>>> print(open('protein_10.cif').read())   # mmCIF, C-alpha atoms
data_final
#
loop_
_atom_site.label_atom_id
_atom_site.label_comp_id
_atom_site.auth_asym_id
_atom_site.auth_seq_id
_atom_site.Cartn_x
_atom_site.Cartn_y
_atom_site.Cartn_z
CA MET A 247 -12.95 3.79 35.31
CA ALA A 248 -14.10 5.15 31.94
CA ALA A 249 -13.40 8.74 33.02
CA MET A 250 -10.05 7.70 34.39
CA ALA A 251 -9.18 5.97 31.15
CA GLU A 252 -10.27 9.02 29.13
CA GLN A 253 -8.01 11.22 31.20
CA ALA A 254 -5.25 8.67 30.87
CA ILE A 255 -5.55 8.70 27.10
CA ALA A 256 -5.52 12.49 27.02
CA THR A 257 -2.47 12.83 29.24
CA GLY A 258 -0.56 9.80 28.13
CA GLY A 259 -1.28 7.09 30.65
CA PHE A 260 -1.74 7.11 34.38
CA GLY A 261 0.19 9.67 36.38
CA ASP A 262 3.23 11.54 35.15
CA PRO A 263 3.55 10.87 31.41
CA MET A 264 7.33 11.17 31.66
CA VAL A 265 7.66 8.37 34.20
CA PRO A 266 7.55 4.84 32.82
CA ARG A 267 5.64 2.19 34.69
CA VAL A 268 7.18 -1.23 34.82
CA ALA A 269 5.49 -3.77 32.60
CA ARG A 270 6.51 -7.28 31.62
CA LEU A 271 6.86 -9.09 28.34
CA ARG A 272 4.37 -11.92 28.30
CA ARG A 273 5.04 -13.28 24.83
CA ARG A 274 6.89 -12.42 21.66
CA ARG A 275 6.49 -13.85 18.21
CA ARG A 276 8.33 -13.28 14.98
CA ASP A 277 5.98 -12.09 12.26
CA ILE A 278 8.42 -11.76 9.38
CA ALA A 279 12.16 -11.19 9.08
CA GLN A 280 13.24 -8.58 11.67
CA VAL A 281 9.64 -7.85 12.69
CA TRP A 282 8.26 -9.02 16.01
CA THR A 283 5.00 -8.65 17.87
CA LEU A 284 5.28 -8.23 21.62
CA ASP A 285 2.48 -8.88 24.13
CA ILE A 286 3.17 -6.65 27.12
CA GLU A 287 1.46 -7.05 30.44
CA SER A 288 1.20 -4.08 32.74
CA GLU A 289 -0.47 -3.47 36.07
CA ALA A 290 -2.16 -0.62 34.31
CA ALA A 291 -2.90 -2.66 31.23
CA ALA A 292 -6.52 -1.63 31.59
CA VAL A 293 -5.53 1.68 30.04
CA GLU A 294 -7.53 2.12 26.88
CA PHE A 295 -5.96 3.32 23.70
CA ALA A 296 -7.28 4.78 20.52
CA PRO A 297 -6.41 3.13 17.19
CA GLY A 298 -3.31 4.82 15.82
CA GLN A 299 -1.75 5.76 19.17
CA PHE A 300 1.72 4.68 20.27
CA ASN A 301 3.58 3.84 23.46
CA MET A 302 7.13 4.56 24.54
CA LEU A 303 8.87 1.31 25.48
CA THR A 304 12.09 1.16 27.49
CA VAL A 305 14.64 -1.61 27.63
CA PHE A 306 16.33 -0.82 30.91
CA GLY A 307 19.96 0.00 30.45
CA VAL A 308 19.59 0.38 26.70
CA GLY A 309 17.06 3.08 25.87
CA GLU A 310 13.53 4.03 24.94
CA VAL A 311 11.72 3.88 21.62
CA ALA A 312 8.27 4.76 20.26
CA VAL A 313 6.26 1.74 19.14
CA SER A 314 2.82 1.59 17.51
CA ILE A 315 0.12 -0.30 19.30
CA SER A 316 -1.06 -2.99 16.90
CA GLY A 317 -3.65 -4.87 18.94
CA ASP A 318 -7.41 -4.77 19.24
CA PRO A 319 -8.53 -1.71 21.23
CA ALA A 320 -11.57 -3.63 22.45
CA ALA A 321 -9.69 -6.71 23.63
CA PRO A 322 -8.76 -7.05 27.27
CA GLY A 323 -5.37 -8.42 28.16
CA PRO A 324 -1.88 -7.48 27.15
CA LEU A 325 -0.96 -4.48 25.03
CA ILE A 326 0.17 -5.63 21.60
CA HIS A 327 3.02 -3.87 19.83
CA THR A 328 4.68 -4.67 16.52
CA ILE A 329 8.22 -3.51 15.89
CA ARG A 330 11.04 -3.92 13.43
CA ALA A 331 14.45 -4.64 14.94
CA VAL A 332 16.65 -2.01 13.34
CA GLY A 333 18.41 0.00 16.06
CA PRO A 334 19.92 -0.90 19.43
CA VAL A 335 16.70 -0.39 21.41
CA SER A 336 14.33 -2.12 19.01
CA THR A 337 16.80 -4.98 18.62
CA ALA A 338 17.10 -5.30 22.39
CA LEU A 339 13.29 -5.20 22.76
CA THR A 340 12.81 -8.05 20.34
CA ALA A 341 15.50 -10.10 22.08
CA LEU A 342 13.83 -9.93 25.52
CA ARG A 343 12.61 -13.14 27.07
CA PRO A 344 9.07 -13.58 28.43
CA GLY A 345 8.88 -12.16 31.93
CA ALA A 346 11.49 -9.50 31.28
CA PRO A 347 10.69 -6.01 32.60
CA ILE A 348 9.90 -3.26 30.10
CA GLY A 349 9.34 0.43 30.80
CA LEU A 350 6.03 1.65 29.43
CA ARG A 351 4.79 5.20 28.88
CA GLY A 352 1.64 6.06 27.02
CA PRO A 353 -0.54 5.77 25.11
CA PHE A 354 0.30 8.99 23.28
CA GLY A 355 -0.81 11.00 20.31
CA ALA A 356 -3.80 11.56 18.10
CA GLY A 357 -5.15 8.39 16.52
CA TRP A 358 -7.17 7.56 13.42
CA PRO A 359 -10.39 9.54 12.86
CA MET A 360 -12.77 6.69 13.67
CA ALA A 361 -15.73 8.98 14.37
CA GLU A 362 -15.31 10.84 11.08
CA ALA A 363 -15.28 7.51 9.23
CA ILE A 364 -18.78 6.53 10.37
CA GLY A 365 -21.20 6.33 7.46
CA ARG A 366 -18.44 6.63 4.85
CA ASP A 367 -16.43 4.27 2.65
CA VAL A 368 -13.09 3.65 4.33
CA VAL A 369 -10.01 3.13 2.18
CA ILE A 370 -6.98 1.90 4.07
CA VAL A 371 -3.65 2.02 2.28
CA ALA A 372 -0.78 0.36 4.11
CA GLY A 373 2.82 -0.13 3.14
CA GLY A 374 5.15 -2.65 4.77
CA LEU A 375 5.19 -2.31 8.55
CA GLY A 376 2.65 0.52 8.19
CA LEU A 377 -0.05 -2.11 8.51
CA ALA A 378 0.74 -2.43 12.25
CA PRO A 379 -0.66 0.94 13.42
CA LEU A 380 -3.62 0.47 11.07
CA ARG A 381 -4.60 -2.91 12.49
CA PRO A 382 -6.37 -1.46 15.56
CA ALA A 383 -8.45 0.70 13.21
CA LEU A 384 -9.30 -2.39 11.14
CA TYR A 385 -10.39 -4.25 14.27
CA ARG A 386 -12.65 -1.33 15.21
CA LEU A 387 -14.10 -1.06 11.69
CA LEU A 388 -14.86 -4.76 11.50
CA ALA A 389 -16.27 -4.88 15.02
CA GLU A 390 -18.70 -2.11 14.09
CA ARG A 391 -19.07 -3.15 10.46
CA ARG A 392 -22.59 -1.85 9.96
CA ARG A 393 -21.60 1.72 10.80
CA TYR A 394 -19.40 2.07 7.70
CA GLY A 395 -19.80 1.87 3.94
CA ARG A 396 -17.35 -0.17 1.88
CA ILE A 397 -14.14 -1.08 3.65
CA VAL A 398 -11.12 -1.45 1.37
CA LEU A 399 -7.63 -2.49 2.43
CA LEU A 400 -4.84 -1.99 -0.10
CA TYR A 401 -1.58 -3.39 1.20
CA GLY A 402 1.82 -3.22 -0.44
CA THR A 403 5.01 -4.80 0.70
CA ARG A 404 8.35 -5.91 -0.62
CA ARG A 405 7.96 -9.63 -1.24
CA PRO A 406 5.35 -12.32 -0.54
CA GLU A 407 7.45 -13.55 2.41
CA GLU A 408 7.17 -10.10 3.98
CA ILE A 409 3.39 -9.87 4.18
CA LEU A 410 2.67 -8.81 7.74
CA PHE A 411 -0.17 -10.52 9.66
CA ARG A 412 -0.57 -12.91 6.73
CA ALA A 413 -2.88 -15.39 8.45
CA GLU A 414 -5.16 -12.59 9.55
CA ILE A 415 -5.23 -11.05 6.06
CA GLU A 416 -6.15 -14.44 4.63
CA ALA A 417 -8.98 -14.75 7.16
CA TRP A 418 -10.22 -11.24 6.35
CA ARG A 419 -10.19 -12.04 2.64
CA ARG A 420 -12.77 -14.73 3.26
CA ARG A 421 -15.22 -12.10 4.50
CA LEU A 422 -17.72 -10.89 1.95
CA ASP A 423 -17.95 -7.40 3.44
CA PHE A 424 -14.32 -6.40 3.16
CA ASP A 425 -12.28 -5.77 -0.04
CA ILE A 426 -8.60 -6.61 0.29
CA GLU A 427 -5.89 -6.36 -2.34
CA VAL A 428 -2.27 -7.17 -1.64
CA THR A 429 0.61 -6.32 -3.92
CA VAL A 430 4.34 -6.93 -3.68
CA ASP A 431 7.24 -5.14 -5.34
CA HIS A 432 8.83 -8.36 -6.60
CA ALA A 433 7.85 -11.99 -6.62
CA VAL A 434 9.36 -15.32 -7.52
CA GLY A 435 7.88 -18.79 -7.57
CA ASP A 436 4.20 -19.47 -7.12
CA TRP A 437 2.94 -16.04 -6.04
CA ARG A 438 -0.41 -15.54 -7.80
CA GLY A 439 -1.26 -12.07 -6.51
CA HIS A 440 -0.50 -8.57 -7.73
CA VAL A 441 3.03 -7.37 -8.40
CA GLY A 442 3.60 -3.63 -8.55
CA VAL A 443 3.32 -0.56 -6.37
CA VAL A 444 0.42 -0.15 -3.96
CA THR A 445 -0.67 3.10 -5.63
CA ALA A 446 -1.56 1.08 -8.76
CA LEU A 447 -4.33 -0.60 -6.76
CA ILE A 448 -6.11 2.67 -6.00
CA PRO A 449 -7.73 3.29 -9.43
CA ARG A 450 -9.04 -0.28 -9.45
CA ALA A 451 -10.54 -0.14 -5.95
CA SER A 452 -14.27 0.17 -5.45
CA PHE A 453 -15.27 3.17 -3.34
CA ASP A 454 -17.16 6.41 -3.70
CA PRO A 455 -14.57 9.21 -3.54
CA GLN A 456 -17.22 11.75 -2.61
CA HIS A 457 -18.10 9.77 0.51
CA ALA A 458 -14.83 8.10 1.36
CA ILE A 459 -12.15 8.63 3.94
CA ALA A 460 -8.61 7.27 3.52
CA LEU A 461 -6.23 6.12 6.25
CA VAL A 462 -2.63 5.80 5.06
CA CYS A 463 0.48 4.50 6.78
CA GLY A 464 3.80 3.40 5.37
CA PRO A 465 7.19 4.76 4.36
CA GLU A 466 7.00 8.49 3.70
CA ILE A 467 7.78 8.17 -0.02
CA MET A 468 4.98 5.66 -0.39
CA MET A 469 2.59 7.99 1.45
CA ARG A 470 3.48 10.93 -0.80
CA PHE A 471 2.62 8.95 -3.91
CA THR A 472 -0.45 7.45 -2.24
CA VAL A 473 -1.82 10.91 -1.43
CA ALA A 474 -1.32 11.90 -5.08
CA ALA A 475 -3.10 8.75 -6.29
CA LEU A 476 -5.98 9.27 -3.85
CA ARG A 477 -6.35 12.86 -5.07
CA ASP A 478 -6.39 11.56 -8.66
CA ALA A 479 -9.14 9.16 -7.58
CA GLY A 480 -11.21 12.12 -6.37
CA LEU A 481 -10.52 12.35 -2.63
CA GLY A 482 -9.86 15.74 -1.14
CA ASP A 483 -7.04 16.41 1.32
CA GLU A 484 -9.65 16.84 4.04
CA SER A 485 -10.56 13.15 3.62
CA ILE A 486 -7.02 11.73 3.69
CA TYR A 487 -5.24 10.92 6.97
CA LEU A 488 -1.60 9.92 7.34
CA SER A 489 0.36 8.46 10.22
CA MET A 490 3.76 10.07 10.40
CA GLU A 491 6.92 8.69 11.90
CA ARG A 492 9.63 10.87 13.33
CA ASN A 493 12.23 10.62 16.06
CA MET A 494 9.89 10.64 19.05
CA LYS A 495 11.65 11.14 22.39
CA CYS A 496 9.57 12.84 25.08
CA ALA A 497 6.24 11.92 23.41
CA VAL A 498 4.49 14.96 24.92
CA GLY A 499 5.64 17.80 22.65
CA LEU A 500 8.40 19.22 24.84
CA CYS A 501 11.73 18.13 23.45
CA GLY A 502 11.24 19.02 19.80
CA HIS A 503 12.97 15.96 18.35
CA CYS A 504 9.93 15.06 16.29
CA GLN A 505 9.16 18.57 15.09
CA LEU A 506 7.89 18.66 11.51
CA GLY A 507 7.56 22.30 10.50
CA PRO A 508 4.93 23.80 12.79
CA VAL A 509 3.80 20.52 14.35
CA PHE A 510 5.13 17.99 16.83
CA VAL A 511 4.47 14.51 15.51
CA CYS A 512 4.23 12.97 18.99
CA ARG A 513 1.70 15.46 20.36
CA ASP A 514 -0.20 16.73 17.31
CA GLY A 515 0.00 13.39 15.48
CA PRO A 516 1.15 10.81 14.69
CA VAL A 517 -2.07 10.83 12.63
CA PHE A 518 -2.59 14.02 10.64
CA ARG A 519 -5.15 15.14 8.14
CA SER A 520 -3.37 15.56 4.83
CA ASP A 521 -4.16 19.27 4.48
CA ARG A 522 -2.33 19.95 7.73
CA LEU A 523 0.84 18.52 6.20
CA ARG A 524 0.43 20.27 2.87
CA GLY A 525 3.91 21.14 1.56
CA LEU A 526 5.70 19.50 4.51
CA LEU A 527 5.82 16.00 3.06
CA SER A 528 7.79 17.06 0.02
CA MET A 529 10.01 19.56 1.81
CA ARG A 530 13.70 18.70 2.10
CA GLU A 531 15.64 19.01 5.36
CA ILE A 532 12.60 18.47 7.53
CA MET B 294 -15.10 -6.22 -37.85
CA GLU B 295 -18.01 -4.42 -36.20
CA GLY B 296 -17.64 -6.70 -33.20
CA LEU B 297 -13.95 -5.92 -32.92
CA GLU B 298 -14.60 -2.19 -33.27
CA ARG B 299 -17.07 -2.36 -30.42
CA ILE B 300 -14.60 -4.25 -28.22
CA VAL B 301 -11.78 -1.83 -29.04
CA ARG B 302 -14.03 1.17 -28.38
CA GLU B 303 -15.10 -0.24 -25.01
CA HIS B 304 -11.56 -0.85 -23.82
CA PRO B 305 -10.44 1.89 -21.37
CA PHE B 306 -7.20 2.43 -23.28
CA PHE B 307 -9.10 3.63 -26.34
CA ALA B 308 -11.80 5.55 -24.45
CA GLY B 309 -13.02 8.51 -26.50
CA LEU B 310 -11.29 7.47 -29.73
CA GLY B 311 -13.00 9.05 -32.76
CA ASP B 312 -14.82 6.88 -35.32
CA ASP B 313 -12.25 7.39 -38.07
CA PHE B 314 -9.32 6.42 -35.89
CA LEU B 315 -11.33 3.58 -34.39
CA ALA B 316 -11.83 2.07 -37.84
CA LEU B 317 -8.10 2.42 -38.63
CA VAL B 318 -7.01 0.90 -35.33
CA SER B 319 -9.54 -1.92 -35.44
CA GLY B 320 -8.20 -2.90 -38.87
CA CYS B 321 -5.02 -4.00 -37.05
CA ALA B 322 -6.84 -5.91 -34.28
CA LYS B 323 -7.66 -9.54 -33.67
CA ASN B 324 -9.07 -11.55 -30.80
CA VAL B 325 -6.70 -13.82 -28.88
CA ARG B 326 -6.83 -15.96 -25.75
CA PHE B 327 -4.17 -17.53 -23.57
CA GLU B 328 -4.55 -20.34 -21.09
CA ALA B 329 -3.08 -20.00 -17.60
CA GLY B 330 0.67 -20.48 -17.82
CA GLU B 331 0.83 -19.74 -21.54
CA TYR B 332 3.25 -17.02 -22.66
CA LEU B 333 2.10 -14.02 -24.69
CA PHE B 334 5.71 -13.42 -25.72
CA HIS B 335 9.27 -13.96 -24.61
CA GLU B 336 12.22 -11.65 -24.03
CA GLY B 337 14.22 -11.09 -27.23
CA GLU B 338 11.41 -11.94 -29.64
CA PRO B 339 10.21 -9.34 -32.16
CA ALA B 340 7.70 -6.97 -30.58
CA ASP B 341 5.14 -7.06 -33.36
CA GLN B 342 2.06 -6.36 -31.28
CA PHE B 343 0.56 -5.10 -28.07
CA TYR B 344 -2.43 -6.40 -26.16
CA LEU B 345 -5.58 -4.86 -24.77
CA LEU B 346 -6.52 -7.06 -21.81
CA ARG B 347 -10.25 -7.84 -21.75
CA GLN B 348 -10.18 -10.47 -19.05
CA GLY B 349 -7.53 -12.18 -16.95
CA ARG B 350 -4.14 -11.32 -15.56
CA VAL B 351 -0.65 -11.26 -17.02
CA ALA B 352 2.71 -11.33 -15.23
CA LEU B 353 5.73 -9.55 -16.68
CA GLU B 354 8.84 -11.51 -15.81
CA LEU B 355 12.58 -11.61 -16.19
CA THR B 356 14.47 -14.81 -15.67
CA ALA B 357 17.72 -14.68 -13.74
CA PRO B 358 20.18 -17.58 -13.50
CA GLY B 359 19.64 -19.48 -10.29
CA ARG B 360 16.61 -17.39 -9.31
CA GLY B 361 14.04 -18.47 -11.84
CA ALA B 362 11.36 -16.12 -13.13
CA LEU B 363 11.19 -12.82 -11.24
CA THR B 364 7.84 -11.06 -11.63
CA PHE B 365 8.14 -7.29 -11.57
CA GLN B 366 4.62 -6.34 -12.58
CA THR B 367 1.19 -7.85 -13.04
CA LEU B 368 -1.44 -6.39 -15.34
CA SER B 369 -5.14 -7.10 -15.44
CA THR B 370 -8.43 -6.39 -17.18
CA GLY B 371 -8.59 -2.94 -18.72
CA GLU B 372 -4.82 -2.50 -18.99
CA ILE B 373 -2.43 -2.92 -21.91
CA VAL B 374 0.56 -5.22 -22.29
CA GLY B 375 3.55 -4.08 -24.32
CA VAL B 376 4.97 -0.81 -25.55
CA SER B 377 8.10 -2.13 -27.30
CA TRP B 378 6.28 -2.23 -30.66
CA LEU B 379 6.53 1.59 -30.69
CA ILE B 380 10.30 2.00 -30.56
CA PRO B 381 13.08 0.35 -32.61
CA PRO B 382 14.42 -2.30 -32.49
CA TYR B 383 10.85 -3.54 -31.75
CA ARG B 384 12.01 -6.34 -29.46
CA TRP B 385 10.51 -7.54 -26.15
CA GLY B 386 12.62 -6.84 -23.08
CA TYR B 387 10.82 -9.33 -20.82
CA ASP B 388 8.48 -12.32 -20.81
CA ALA B 389 4.71 -11.99 -20.44
CA LYS B 390 2.81 -14.94 -18.98
CA ALA B 391 -0.93 -15.41 -18.50
CA LEU B 392 -1.61 -16.13 -14.82
CA GLU B 393 -5.14 -17.28 -15.59
CA LEU B 394 -7.34 -17.63 -18.65
CA THR B 395 -6.73 -14.34 -20.45
CA ARG B 396 -8.74 -12.85 -23.30
CA ALA B 397 -7.24 -9.94 -25.17
CA ILE B 398 -7.22 -7.96 -28.37
CA SER B 399 -3.88 -8.29 -30.12
CA MET B 400 -2.95 -5.16 -32.07
CA ASP B 401 -0.56 -5.66 -34.97
CA GLY B 402 2.36 -3.28 -34.31
CA ALA B 403 3.68 -3.13 -37.89
CA CYS B 404 0.17 -2.42 -39.18
CA LEU B 405 -0.30 0.37 -36.63
CA ARG B 406 3.11 1.88 -37.34
CA ARG B 407 2.29 2.06 -41.06
CA LYS B 408 -1.01 3.76 -40.37
CA CYS B 409 0.62 6.21 -37.95
CA GLU B 410 3.26 7.11 -40.55
CA ALA B 411 0.51 7.74 -43.10
CA ASP B 412 -1.66 9.72 -40.68
CA HIS B 413 0.32 11.66 -38.08
CA ASP B 414 -2.87 12.76 -36.33
CA LEU B 415 -3.51 9.09 -35.55
CA GLY B 416 0.11 8.73 -34.47
CA TYR B 417 -0.18 11.70 -32.12
CA ASP B 418 -3.43 10.38 -30.65
CA LEU B 419 -1.82 7.01 -29.98
CA MET B 420 1.27 8.65 -28.44
CA LYS B 421 -0.96 10.61 -26.06
CA ARG B 422 -2.47 7.32 -24.96
CA PHE B 423 0.77 5.42 -24.64
CA MET B 424 2.96 8.03 -22.97
CA PRO B 425 0.95 8.23 -19.70
CA VAL B 426 1.17 4.45 -19.41
CA VAL B 427 4.93 4.54 -20.03
CA ILE B 428 5.47 7.37 -17.53
CA GLN B 429 3.24 5.76 -14.92
CA ARG B 430 5.15 2.47 -15.22
CA LEU B 431 8.47 4.33 -15.09
CA HIS B 432 7.45 6.03 -11.84
CA ALA B 433 6.28 2.72 -10.42
CA THR B 434 9.60 1.14 -11.35
CA GLN B 435 11.46 3.96 -9.60
CA LEU B 436 9.52 3.30 -6.42
CA GLN B 437 10.18 -0.43 -6.66
CA MET B 438 13.90 0.23 -7.14
CA LEU B 439 13.97 2.47 -4.06
CA ASP B 440 12.94 -0.56 -1.99
CA VAL B 441 10.90 1.69 0.31
CA TYR B 442 9.72 -1.18 2.51
CA GLY B 443 13.25 -2.07 3.58
CA SER B 444 14.51 -1.29 7.07
CA HIS B 445 15.44 2.21 5.90
CA GLY B 446 11.93 2.82 4.60
#
>>> encode(input="protein_10.cif", output="structure tokens")
Amino acid sequence: MAAMAEQAIATGGFGDPMVPRVARLRRRRRDIAQVWTLDIESEAAAVEFAPGQFNMLTVFGVGEVAVSISGDPAAPGPLIHTIRAVGPVSTALTALRPGAPIGLRGPFGAGWPMAEAIGRDVVIVAGGLGLAPLRPALYRLLAERRRYGRIVLLYGTRRPEEILFRAEIEAWRRRLDFDIEVTVDHAVGDWRGHVGVVTALIPRASFDPQHAIALVCGPEIMMRFTVAALRDAGLGDESIYLSMERNMKCAVGLCGHCQLGPVFVCRDGPVFRSDRLRGLLSMREI
Amino acid sequence: MEGLERIVREHPFFAGLGDDFLALVSGCAKNVRFEAGEYLFHEGEPADQFYLLRQGRVALELTAPGRGALTFQTLSTGEIVGVSWLIPPYRWGYDAKALELTRAISMDGACLRRKCEADHDLGYDLMKRFMPVVIQRLHATQLQMLDVYGSHG
């Protein structure tokens, strides 16, 4: 089974990676405005995934969309995906009722560098919905806590009401072996936390830049400034990893919709080491 | 005064300040503390000082009709509060409220301006310390205005 799963991860699921298998929505829950987490049950749900990978989900008769896997890679049971309802497919996905069929292809792509993180401080910088593809990495880090140095999560979002996975973040904050700082762009009322951009948290965070690795996911502008702030803090590009988002269609590097300069985000990413993207992040018309 | 000089010297904002300038700057300094909920200053008041935060956290706010106080930035230990003392008309453009017990060094803006006029080397040194803070906060404000975490983000 392990070998089969390994092959499945490498090729994008069981069988032909272009053919969706039929899965079913078991449960959906609204996390914050427009953002939903879907538990999807599949006959092949035993397929393992690596933190940072994504699946292609189909609403039959509407279309297909790439969605990050946001669940625990070690947990049996349904595949967990978190998605923002913005376009026709994502809106249709989040409107499905439990039991509804969903087409499922994947998992696809290169995930977070969990092996490279062993023995090092791990700095996770997430912006908005970018926390979703980082959550599987956090589950892995915390499950194997002793294998890593300091673990720091810096999370920025728009408003206190838009903090994703809030209950879980509050539970993590009670741990003594995990540093978490949350900041919002604006706040009203009784918010007692930070207000300001997430990059402002980086100089205040406790980690050894010579022995740290950074995992970053969020809107591209936020990631550009985060990379700059991490460099200012002493991290080299070879220690910074970013999860990119592009218009993924085939998910196996054939169609070219997600091409970013010389790379295909679906096949070569979505997680890239920063030096591989040097110059591409700030380039216009890409 | 020696105690204040030591505190000013140890604050990150004045890291590396020479002894002569340190003595000049410290002559404009005094210790202050604010309880949680207490305001350091209000929008529209004369900006006669700035603060070196030694401990605690401060929220910068603007109040909008029907929306209450909107916090657009929080500052904490090791940071400074206030740059309006540098530029005419020396008036605060927002409120600053202590979120918790806050200890700070209050620097007298008029006193510092006089000393900077008399010694332009001191003025240039202070500008080199203030401008990065101003630019950094301007960039942060640009990002906040872009609303990058919206559905288009």
>>> residues_around(input="protein_10.cif", residues="region 260-266 of chain A", least_positions_apart="5", cutoff="7 Å", atoms="all atoms listed in the file", output="number ranges by chain")
A: 254, 349-352
>>> write_last_selection(input="protein_10.cif", atoms="C-alpha atoms", output="compact mmCIF listing (two decimals), keeping the file's coordinate frame")
# COMPACT_ATOMS: atom_id res chain seq x y z
CA ALA A 254 -5.25 8.67 30.87
CA GLY A 349 9.34 0.43 30.80
CA LEU A 350 6.03 1.65 29.43
CA ARG A 351 4.79 5.20 28.88
CA GLY A 352 1.64 6.06 27.02
>>> resolve_selection(input="protein_10.cif", expression="the PyMOL selection byres ((chain B and resi 320) around 12)", output="VMD selection string")
chain B and resid 294 to 298 301 313 to 319 321 to 324 398 to 405 407 to 408
>>> closest_residue(input="protein_10.cif", among="A:Trp437, A:Phe510, A:Phe518, A:Tyr487", to="Thr367 (chain B)", atoms="all atoms listed in the file")
A:Trp437
>>> atom_distance(input="protein_10.cif", atom1="CA of Ala458 (chain A)", atom2="CA of Arg522 (chain A)")
18.4 Å
>>> atom_distance(input="protein_10.cif", atom1="CA of Ile459 (chain A)", atom2="CA of Ala363 (chain A)")
6.2 Å
>>> closest_residue(input="protein_10.cif", among="B:Leu368, B:Leu439, B:Ala329, B:Leu345", to="Ala391 (chain B)", atoms="only C-alpha atoms")
B:Ala329
>>> interface_residues(input="protein_10.cif", of="chain A", to="chain B", cutoff="10 Å", atoms="all atoms listed in the file", output="JSON, numbers by chain")
{"A": [280, 281, 330, 331, 332, 333, 373, 374, 375, 376, 402, 403, 404, 405, 408, 429, 430, 431, 432, 433, 434, 435, 436, 437, 438, 439, 440, 441, 442, 443, 444, 445, 446, 450, 464, 465, 466, 467, 468, 471]}
>>> write_last_selection(input="protein_10.cif", atoms="C-alpha atoms", output="PDB file, in the frame of the given file")
ATOM      1  CA  GLN A 280      13.240  -8.580  11.670  1.00  0.00           C
ATOM      2  CA  VAL A 281       9.640  -7.850  12.690  1.00  0.00           C
ATOM      3  CA  ARG A 330      11.040  -3.920  13.430  1.00  0.00           C
ATOM      4  CA  ALA A 331      14.450  -4.640  14.940  1.00  0.00           C
ATOM      5  CA  VAL A 332      16.650  -2.010  13.340  1.00  0.00           C
ATOM      6  CA  GLY A 333      18.410   0.000  16.060  1.00  0.00           C
ATOM      7  CA  GLY A 373       2.820  -0.130   3.140  1.00  0.00           C
ATOM      8  CA  GLY A 374       5.150  -2.650   4.770  1.00  0.00           C
ATOM      9  CA  LEU A 375       5.190  -2.310   8.550  1.00  0.00           C
ATOM     10  CA  GLY A 376       2.650   0.520   8.190  1.00  0.00           C
ATOM     11  CA  GLY A 402       1.820  -3.220  -0.440  1.00  0.00           C
ATOM     12  CA  THR A 403       5.010  -4.800   0.700  1.00  0.00           C
ATOM     13  CA  ARG A 404       8.350  -5.910  -0.620  1.00  0.00           C
ATOM     14  CA  ARG A 405       7.960  -9.630  -1.240  1.00  0.00           C
ATOM     15  CA  GLU A 408       7.170 -10.100   3.980  1.00  0.00           C
ATOM     16  CA  THR A 429       0.610  -6.320  -3.920  1.00  0.00           C
ATOM     17  CA  VAL A 430       4.340  -6.930  -3.680  1.00  0.00           C
ATOM     18  CA  ASP A 431       7.240  -5.140  -5.340  1.00  0.00           C
ATOM     19  CA  HIS A 432       8.830  -8.360  -6.600  1.00  0.00           C
ATOM     20  CA  ALA A 433       7.850 -11.990  -6.620  1.00  0.00           C
ATOM     21  CA  VAL A 434       9.360 -15.320  -7.520  1.00  0.00           C
ATOM     22  CA  GLY A 435       7.880 -18.790  -7.570  1.00  0.00           C
ATOM     23  CA  ASP A 436       4.200 -19.470  -7.120  1.00  0.00           C
ATOM     24  CA  TRP A 437       2.940 -16.040  -6.040  1.00  0.00           C
ATOM     25  CA  ARG A 438      -0.410 -15.540  -7.800  1.00  0.00           C
ATOM     26  CA  GLY A 439      -1.260 -12.070  -6.510  1.00  0.00           C
ATOM     27  CA  HIS A 440      -0.500  -8.570  -7.730  1.00  0.00           C
ATOM     28  CA  VAL A 441       3.030  -7.370  -8.400  1.00  0.00           C
ATOM     29  CA  GLY A 442       3.600  -3.630  -8.550  1.00  0.00           C
ATOM     30  CA  VAL A 443       3.320  -0.560  -6.370  1.00  0.00           C
ATOM     31  CA  VAL A 444       0.420  -0.150  -3.960  1.00  0.00           C
ATOM     32  CA  THR A 445      -0.670   3.100  -5.630  1.00  0.00           C
ATOM     33  CA  ALA A 446      -1.560   1.080  -8.760  1.00  0.00           C
ATOM     34  CA  ARG A 450      -9.040  -0.280  -9.450  1.00  0.00           C
ATOM     35  CA  GLY A 464       3.800   3.400   5.370  1.00  0.00           C
ATOM     36  CA  PRO A 465       7.190   4.760   4.360  1.00  0.00           C
ATOM     37  CA  GLU A 466       7.000   8.490   3.700  1.00  0.00           C
ATOM     38  CA  ILE A 467       7.780   8.170  -0.020  1.00  0.00           C
ATOM     39  CA  MET A 468       4.980   5.660  -0.390  1.00  0.00           C
ATOM     40  CA  PHE A 471       2.620   8.950  -3.910  1.00  0.00           C
TER      41      PHE A 471
END
>>> closest_atom_pairs(input="protein_10.cif", of="region 301-387 of chain A", to="region 451-454 of chain A", cutoff="12 Å", atoms="all atoms listed in the file", output="Markdown table")
| residue | atom | partner | partner_atom | distance |
| --- | --- | --- | --- | --- |
| A:Gly365 | CA | A:Asp454 | CA | 11.9 |
| A:Arg366 | CA | A:Asp454 | CA | 8.6 |
| A:Asp367 | CA | A:Phe453 | CA | 6.2 |
| A:Val368 | CA | A:Phe453 | CA | 8.0 |
| A:Val369 | CA | A:Phe453 | CA | 7.6 |
| A:Ile370 | CA | A:Ala451 | CA | 10.8 |
| A:Val371 | CA | A:Ala451 | CA | 10.9 |
>>> residues_around(input="protein_10.cif", residues="Cys496 (chain A)", least_positions_apart="2", cutoff="10 Å", atoms="all atoms listed in the file", output="ChimeraX atom specification")
/A:263-264,302,310-312,351,493-494,498-504,512-513
